[in-house]
Structures are given as C-alpha cells and as structure tokens.
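Chemist: The structure is given below, and queries will be raised subsequently.
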Amino acid sequence: MAQIETQTMPLSRRETPRPGYAAASPGLDVAAVRTVVVVPTYRRPAMLRETLDSLSGQVGHAGFAILVVENDVGGQAGLTVARQVLEAGLLAGIAEVEPAPGNVSAINAGFSTALAAFPNAQFFLMIDDDETATPSWLASMVAAAEMSGADIVGGPVIPRFRTEPAAAISRHPVFHPAFGQTGPVERIYGSGNCLIRRAVFERLGEPAFDSRFNLLGGGDTDFFQRAHSAGFRSFWNQEALVIETVPEDRTSRNWVIKRGMRIGAINRALDMKGVAGAAGRAKVIAKDMAILAISPLRAIRSFVTSGHLLIAIHPIVIAFGRVSSAFGSEPHQYGQDKPS
C-alpha cells in the first residue's frame, strides 16, 4: 500500500521534494484514489471548514481524496483547518502551501500536485473555499462524466446570500450559471464546480491555467477554451449543485458593476491571446467597438425582459470593461490584501 509521508512543518510545493506535504490523513493509500477534489483557499478558514464538512458528507461515491492548497503563506489559517480535518480522518487527502500569490498559482499547484500524488486518479474536481457541495454532488459529477463520455463536466453554482438583496441583485446574471439544463455544451466557463479528466491535463500540459490571469481572473475560462480548441468534449450537469456563500459586500450595485467591468476585461484578454501584429490588434479593436455599439440595444432588450435597470445595463458595463482594459485599466479581483 503506497502511503503519503507527512511533515511536521508547512512545506511549499516548490521548496521541497515529493513526497512531503504540510498535512495528510493517516495511512492514506494514494494508489486506491480514483477521484481528487482540489480546494484552493485564501484567508477564509471558517468557510473552508464548511466546504470540507460538505465534502465529508458526500454519498454514493467512494475512493476519493481532497487536496487543499493554502495560498496565504503568512497566516495559514486555512492550513490549520485542513490539518485538523485530515489528521482526524474526517476526509482522506493532503494539504500543501503554495507561496506564489494569486488564484491561478493556487489552482495550478493543486492540480499539479494532485496529478503527481495520485497516479491512478482519473477525475479531478474543484470547489472553491466559499462553496459547499450538496451531498450527491461528487457522485453526480463522476456519473455524468462516465455516462456522457465527456472530458470536462460543469455544474451550477447557486448563490446563498448572507443578507437578502434587492431583486435586481439576486436576479443579476453575475450570480447565476451560464446554462440551465443537463446536456452537452460547447464549453464551460468557470472552475468553481467542475470535473476534468486526467487526459485533458496531459494534452494541454502544465501549468494548466495561464498565469497572465492570476489577478484579473478568467484563467479557468481560458483553460476551458483551450480544451475546446483541442477537441475535448464538455457536458453540463444541472443536478450537481454547489452553493456559494455571497457576503453582504458583494451585493452592492458598485460591486456588481465592477464585476461586469471585469468580465469585459477578461473577454478582451482572451481575445488578445495569440494575436500577432497590427492586423490582429486591429481586429480586436474592431470587435471592441462593435460590442460597444450594440450594447445599448442589448440593454433595452434586457430591460424589457427583466424590468431592472441594473440588470439591463449589464451589456453596456461589459462593453465599457473591454474598452477600459484596452487603455490599461483592469479591475483585479484576486488581490492578496483581502480574500478573493
């Protein structure tokens, strides 16, 4: 039985050889693990505990392990929570510290370590540290992958507001999934509720996510876009629910508008990838102008269907986010001075 060796001090993936992790569950048999759930965390220990509790309550799927990636190298409160859960045997798995700051850095560390540490695992899932999984989430995601033969499976992330917001906030597109029914899709867009087969990582190579999106966000969208271009198939599983806790400071009009601006900036950054020469840049600029020009019409149509001005102006906000980023102004969602 192959087992993980643990260390008494927090260890960095980049500073120490494998095997050697910050924490591990007793007698972990890495050869028996078929499914790994990666959980990046940054300064949200209470929420992380809720996430891990929801994973310990999974039903219908055995032989899985977790991999917690602590991205707060100074405080490591999340590592403390992960160590307590693992060493108590509440979940099988390991935890490590990734000192390079940023969302992409943490995610890349998690997937890289999971691929190496669990050589027989075929399914790699991710859930954020402000989310909880419904009891059948893991079983449902794996079953969807096996039934559909898809390489990537996505599922809905449903908001749970700490304080009940206005209807224009609770119904706003930034809080709701891109799809609404189970079935094949061209690609998914977010990693907060996803399953990826090992073959995808092997084909696309490491690091999985592009570090250019470390602070802006959108590294997951870029990854799934590259996977689609490489011929991998995606599937949406509407039944595999994940619940995201939305704090009060994310229910303001200002936050929602900034989020829309960031979406526009991410979309433009994705368009700019691989663009070469003046002609390529001119095409992106032309697309910026076209999206900006049509955004008022989209806003009018949205107002007719939603009846809320904040929802209606979302296309305009996205368009302005694109244009602003063209002039070097990009909102950073993943700063290291506060939780992401």
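Going through the structure tokens in order, the chains are called A, B, and so on, while each chain numbers its residues from 1 and the ligands are numbered from 1 in the order shown.
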As a PDB file with C-alpha atoms, in the first residue's frame, list the residues of region 181-233 of chain A assigned to alpha helix (DSSP H) by DSSP on the backbone atoms of this structure.
Modeler:
```pdb
ATOM      1  CA  ARG A 198      -6.517  13.409 -16.453  1.00  0.00           C
ATOM      2  CA  ALA A 199      -6.191  13.231 -20.239  1.00  0.00           C
ATOM      3  CA  VAL A 200      -7.046  16.925 -20.547  1.00  0.00           C
ATOM      4  CA  PHE A 201      -4.123  17.967 -18.353  1.00  0.00           C
ATOM      5  CA  GLU A 202      -1.804  15.554 -20.137  1.00  0.00           C
ATOM      6  CA  ARG A 203      -2.693  17.013 -23.545  1.00  0.00           C
ATOM      7  CA  LEU A 204      -2.692  20.705 -22.588  1.00  0.00           C
ATOM      8  CA  GLY A 219      -7.756  31.656 -16.111  1.00  0.00           C
ATOM      9  CA  ASP A 220     -10.429  28.966 -15.917  1.00  0.00           C
ATOM     10  CA  THR A 221     -12.326  30.351 -18.917  1.00  0.00           C
ATOM     11  CA  ASP A 222      -9.079  30.407 -20.891  1.00  0.00           C
ATOM     12  CA  PHE A 223      -8.313  26.808 -19.888  1.00  0.00           C
ATOM     13  CA  PHE A 224     -11.724  25.529 -20.971  1.00  0.00           C
ATOM     14  CA  GLN A 225     -11.466  27.473 -24.214  1.00  0.00           C
ATOM     15  CA  ARG A 226      -8.112  25.841 -24.970  1.00  0.00           C
ATOM     16  CA  ALA A 227      -9.563  22.450 -24.080  1.00  0.00           C
ATOM     17  CA  HIS A 228     -12.413  23.022 -26.527  1.00  0.00           C
ATOM     18  CA  SER A 229      -9.963  24.040 -29.246  1.00  0.00           C
TER      19      SER A 229
END
```
Chemist: Please identify all polymer residues within 7 Å of Ile152 (chain A), counting only C-alpha atoms, omitting same-chain residues fewer than 2 positions from it, and present them as a PyMOL selection string.
Modeler: chain A and resi 150+154+195-197+233-235
Chemist: For a quick check of understanding, using only C-alpha atoms, which of A:Leu52, A:Leu67, A:Ile313, A:Val284 has the smallest distance to Leu297 (chain A)?
Modeler: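 Ranking A:Leu52, A:Leu67, A:Ile313, A:Val284 by distance to Leu297 (chain A), first place goes to A:Ile313.
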Chemist: To one decimal place, how far is CA of Glu248 (chain A) from CA of Ser170 (chain A) in Å?
Modeler: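 A separation of 11.8 Å between them.
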Chemist: Go through A:Ile158, A:Ala24, A:Ala46, A:Val73 and flag the residue nearest Ala92 (chain A), using only C-alpha atoms for the distances.
Modeler: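 For Ala92 (chain A), the nearest of the given residues is A:Ala24.
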Chemist: Could you please write out, as number ranges by chain, every residue of region 79-291 of chain A that DSSP assigns to strand (DSSP E)?
Modeler: A: 93-97, 123-127, 131-133, 152-154, 157-161, 183-185, 193-197, 234-236, 242-246
Chemist: Nearest to Asp128 (chain A): which of A:Ile316, A:Val85, A:Ala32, A:Val157 is it, counting only C-alpha atoms?
Modeler: A:Val157
Chemist: Using only C-alpha atoms, determine which residues lie at most 8 Å from Thr163 (chain A), disregarding the query and same-chain residues fewer than 2 positions distant; provide the list as a list in words.
Modeler: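 The neighbour list is Phe161, Pro165, Pro247 and Glu248 of chain A.
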Chemist: Return the single residue from A:Glu239, A:Glu87, A:Asp288, A:Asp72 that is closest to Gly180 (chain A), with distances computed using only C-alpha atoms.
Modeler: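 The closest residue to Gly180 (chain A) is A:Glu239.
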Chemist: Give me the region 70-130 of chain A side of the contact with region 209-213 of chain A, cut-off 12 Å, one line per residue showing its nearest atom pair and distance in Å at one decimal, counting only C-alpha atoms, sorted by chain and residue number, as JSON lines.
Modeler:
```
{"residue": "A:Ala100", "atom": "CA", "partner": "A:Ser211", "partner_atom": "CA", "distance": 10.7}
{"residue": "A:Pro101", "atom": "CA", "partner": "A:Ser211", "partner_atom": "CA", "distance": 10.6}
{"residue": "A:Gly102", "atom": "CA", "partner": "A:Ser211", "partner_atom": "CA", "distance": 8.7}
{"residue": "A:Asn103", "atom": "CA", "partner": "A:Phe213", "partner_atom": "CA", "distance": 8.5}
{"residue": "A:Val104", "atom": "CA", "partner": "A:Ser211", "partner_atom": "CA", "distance": 6.0}
{"residue": "A:Ser105", "atom": "CA", "partner": "A:Ser211", "partner_atom": "CA", "distance": 7.0}
{"residue": "A:Ala106", "atom": "CA", "partner": "A:Phe209", "partner_atom": "CA", "distance": 10.0}
{"residue": "A:Ile107", "atom": "CA", "partner": "A:Phe209", "partner_atom": "CA", "distance": 7.6}
{"residue": "A:Asn108", "atom": "CA", "partner": "A:Phe209", "partner_atom": "CA", "distance": 6.2}
{"residue": "A:Ala109", "atom": "CA", "partner": "A:Phe209", "partner_atom": "CA", "distance": 10.0}
{"residue": "A:Gly110", "atom": "CA", "partner": "A:Phe209", "partner_atom": "CA", "distance": 11.1}
{"residue": "A:Phe111", "atom": "CA", "partner": "A:Phe209", "partner_atom": "CA", "distance": 9.7}
{"residue": "A:Ser112", "atom": "CA", "partner": "A:Phe209", "partner_atom": "CA", "distance": 10.6}
```
Chemist: Could you state the separation of CA of Tyr189 (chain A) and CA of Ile311 (chain A) in Å, given to one decimal place?
Modeler: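 Pair CA of Tyr189 (chain A) / CA of Ile311 (chain A) returns 20.3 Å.
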Chemist: Which residue is closest to Leu79 (chain A)? Choose from A:Phe123, A:Leu55, A:Val142, A:Ala22 and count only C-alpha atoms.
Modeler: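 The answer is A:Ala22, which sits nearest to Leu79 (chain A).
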